[in-house]
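Structure first, then comments.
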Amino acid sequence: MKKLKFKRSIMIFTVAALLFVSLSVFIGCGNKDMADVHVFYYTYSDTYISTVRSALDARLDAAGVSYQDHDGNNSQTTQTEQIQTAITKGAKLIVVNIVTTGSDDAAGGIVALAKEADIPVIFFNREVSDSVVNSYDKCAFIGTDAAEAGYLQGDMIGDYVAANYNTIDLNGDGVISYVLFMGEKGNNEAIYRTEYSVENANKKLAAAGKKPLKFYDAANKDGYLLDREGKWSAQAANDYMTTILASYNVANKNMVELIICNNDGMAEGAISALSSAGYNTGSESDTTIPVFGVDATSAARELIADGKMAGTIMQDHEGMAKAIGEAVENGLAGDSLFDGMDEYTIDDDSAKLRISYAVYLGEGEEE
Amino acid sequence: MSDKNKSVKSGATEGVAAATRGGAVIEKKSSVKEFFINNSLYILLILAIIGIEIYDPRFLSLSSIINIISLSAANLPIALGIAGCIILTGTDLSAGRIVGLTACVAASLLQMSGYAGKMFPALGEIPVWIVFLAIVAIGALVGFINGFCTAKFKLHPFIVTLATQLVTYGVLLMYLMQGTNNGQSISGLDSRYTNFITGSMFKIGGAAIPNYIFYVIGIVALMWFIWNKTAFGKNMFAVGSNPEAANVSGVNVTRTIILVFVLAGVMYAVTGFIEAARIGSNSASTGLNYELDAIAACVIGGVSFVGGIGKIRGVIMGVVLLRIIFVGLTFLGIDSNMQYIIKGLIILVACAIDMRKYLVRK
């Protein structure tokens, strides 16, 4: 019986300790007062979105706007429920980085929630359709032109390859073989980047009198390798690259000569696989395969600086945060969301503001 | 617990079941302490509600309460389904993917006619109830495969459903490539369908109550009846407690296991049917990881992995508790990063307290 009592007290102690921890956490973090603005990110695990988040947080802090951030954890259900809850909590404006792109129902549902509460809603980064934006006068979208990243990436690759053709063509057969890692199926940005990167690169190559790029595996009719989880993940690219390197390498004279990635995360994954196989180590003596990404994350910038990666496309997170911040202030003041934001490109037929992309080939080499 | 003892067919099983569930009778001290231990979760829940309400009085406003109820309702069917699997000392990892598959099938068959991105343009208007039956059949089929493999090949459901969730996901990806869809998310749902689910027949004080809450109430009643009043329900608890004993006393163990998984599959289909219209996101990632919240809700609500233990009201309580945590943390304005940690700790604490109940009895 005594032993039982001892055990019991241990149990009570453990439970009490856990409760204490969670309660202190409650009190410690619950200091943000009633937020006016609620910002919903599709996932905290996206590196680019995280840069936007810290830039936007800084901007809203500076403007003295009270806000609360939410992590949708890549689930539309979670995000929609968070929005529902934030509105019952009395949100005055919501900023949404929607999880599901290409579904008018998901976006429309969010607009309906905002409409019912009569508060402005600003979508950003992940695009919603014109009809959704136009369905509510207090709704706007701030993002980039999805196709532009693809075009720019293609141009960048074309220029780079044309200029360094003989170095890149490792086996000297006159054709550059490439592999392309696609981040997600059914996502417009992924589709455009996949399509236009190769298309525009080939245009540039044709202009320079070179042969078009050839996908490394003739049996693959898609012309890309897909992250089946749809996470644009470094891990997926790494797995593919490791597998490829097992049978394609310089010794076999069939090495993949160019690597195109839908984002920098995948580029990182591919580069780490290359490095473990002795390529892209950053030293002059080892073969370096040109790897291209999109986003210009700080990791990618570092890889470019180290000579392990060729180039990327920069999404201007500061510019994005600045534009969102201005629109938020307009919304809170009761003005039209894009009031006085004339320096930006805004679509003709809907309230969609476009932040432009830029090519990034290393510090001081931005175009 | 002891009322379940009546449930089993013969005396042999009854003895085993009673032994497994612990000698509740022996330690039935009607002390205050016992009361607190047995109802600790409810007490904690009430304390949490009071705390959040003091912090932000809008927490218990009418619209907020309806919000909590509707969020809970949407998460209930899947939890009720998975609870059955847990009672059999199993689990079901395929639940989320089945929700995804059924949601996408329902959405694709119920797009509005004339919608530009219609997956099957030639498709006419199908009555909503026919689609409902169709996806219930799909859910039941996957559930049947789960149950069949578990029962016939004596595999742990963890393994079986680990495999079937992959298969289901593959089928879902292929399905999304059908017709004109080309892997896109399915959008443009028919208003007949969305009104049926999210429309509202009642308003209380200006706050609309979505229809699906009433369907879920019906489902809860049905599940309560199945668990407590039918031979199948009683067999389920017997098999969960001790399959050998159940077998000896004439329970068809194989059939019971299969039926539990089929019923679970049906519940996932119901979830998918509600989810497709409620969220409107019908893509390959729909339903991903839903099973985790459902399993958490079950264990919080006292559905034990030991097997043979669980109550409908426990599941409801677990689901509501999880939703209150979700809504409460938002109301408290807690950083999202911290929310994961807190949620994890609460699941641990809740289960530790609940487990203590059984430890004390043993």
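Identifiers in this document derive from the order of the structure tokens: chains are assigned A, B, ..., residues are numbered from 1 separately in each chain, and ligands are numbered from 1 in order of occurrence.
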Neighbours of segment 165-178 of chain B within 6 Å (only C-alpha atoms; same-chain residues fewer than 6 positions away dropped), as a PDB file with N, CA and C atoms, in the first residue's frame?
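Produced file out.pdb, reproduced below:
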ATOM      1  N   SER B  94      -5.250   5.304 -42.116  1.00  0.00           N
ATOM      2  CA  SER B  94      -5.763   5.630 -43.443  1.00  0.00           C
ATOM      3  C   SER B  94      -6.927   6.606 -43.374  1.00  0.00           C
ATOM      4  N   ARG B  97      -6.649   9.952 -45.372  1.00  0.00           N
ATOM      5  CA  ARG B  97      -6.643   9.787 -46.829  1.00  0.00           C
ATOM      6  C   ARG B  97      -8.012   9.364 -47.351  1.00  0.00           C
ATOM      7  N   LEU B 101     -10.046  11.194 -50.223  1.00  0.00           N
ATOM      8  CA  LEU B 101     -10.583  10.544 -51.423  1.00  0.00           C
ATOM      9  C   LEU B 101     -12.082  10.788 -51.541  1.00  0.00           C
TER      10      LEU B 101
END
request  = Find the spatial neighbours of segment 190-194 of chain B, counting only C-alpha atoms, within a cut-off of 8 Å - ignore same-chain residues fewer than 5 positions away - and output them as a PyMOL selection string.
outcome  = chain B and resi 110-113+128+199+277-278
key: Residues near Glu189 of chain A, cut-off 7 Å, only C-alpha atoms, skip fewer than 3 positions along chain, as a PyMOL selection string   = chain A and resi 146-147+192-193
query = Restricting the calculation to only C-alpha atoms, which member of B:Leu322, B:Ile341, B:Leu222, B:Met355 is positioned closest to Pro77 of chain B?
reply =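 Closest to Pro77 of chain B, using only C-alpha atoms: B:Leu222.
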Could you list, with a cut-off of 6 Å and counting only C-alpha atoms, the residues of segment 129-246 of chain A near segment 255-266 of chain A, each shown with its nearest atom pair and the distance in Å rounded to one decimal, rows sorted by chain and ascending number, as a Markdown table?
| residue | atom | partner | partner_atom | distance |
| --- | --- | --- | --- | --- |
| A:Ile176 | CA | A:Glu257 | CA | 5.9 |
| A:Ser177 | CA | A:Glu257 | CA | 5.3 |
| A:Tyr178 | CA | A:Leu258 | CA | 4.5 |
| A:Val179 | CA | A:Ile259 | CA | 5.1 |
| A:Leu180 | CA | A:Ile260 | CA | 4.7 |
| A:Phe181 | CA | A:Cys261 | CA | 4.8 |
| A:Met182 | CA | A:Asn262 | CA | 5.4 |
| A:Gly183 | CA | A:Asn262 | CA | 5.8 |
| A:Ser233 | CA | A:Met266 | CA | 5.6 |
| A:Ala234 | CA | A:Met266 | CA | 4.1 |
| A:Ala237 | CA | A:Met266 | CA | 5.2 |
Could you write out the selected residues, including C-alpha atoms, as an mmCIF file, in the first residue's frame?
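As a result, selection-v2.cif now contains:
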data_model
loop_
_atom_site.group_PDB
_atom_site.id
_atom_site.type_symbol
_atom_site.label_atom_id
_atom_site.label_comp_id
_atom_site.auth_asym_id
_atom_site.auth_seq_id
_atom_site.Cartn_x
_atom_site.Cartn_y
_atom_site.Cartn_z
ATOM 1 C CA ILE A 176 22.993 19.872 -72.491
ATOM 2 C CA SER A 177 21.064 17.266 -70.519
ATOM 3 C CA TYR A 178 19.037 18.575 -67.600
ATOM 4 C CA VAL A 179 16.809 17.489 -64.778
ATOM 5 C CA LEU A 180 13.929 19.535 -63.411
ATOM 6 C CA PHE A 181 12.450 19.188 -59.927
ATOM 7 C CA MET A 182 8.825 20.200 -59.642
ATOM 8 C CA GLY A 183 7.503 21.264 -56.246
ATOM 9 C CA SER A 233 10.930 19.912 -50.257
ATOM 10 C CA ALA A 234 14.694 19.690 -50.235
ATOM 11 C CA ALA A 237 15.013 16.689 -54.565
#
query = Which residue gives the smallest distance to chain A among B:Phe202, B:Trp224, B:Phe331, B:Tyr340, with only C-alpha atoms counted?
reply =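 Ranking B:Phe202, B:Trp224, B:Phe331, B:Tyr340 by distance to chain A, first place goes to B:Phe331.
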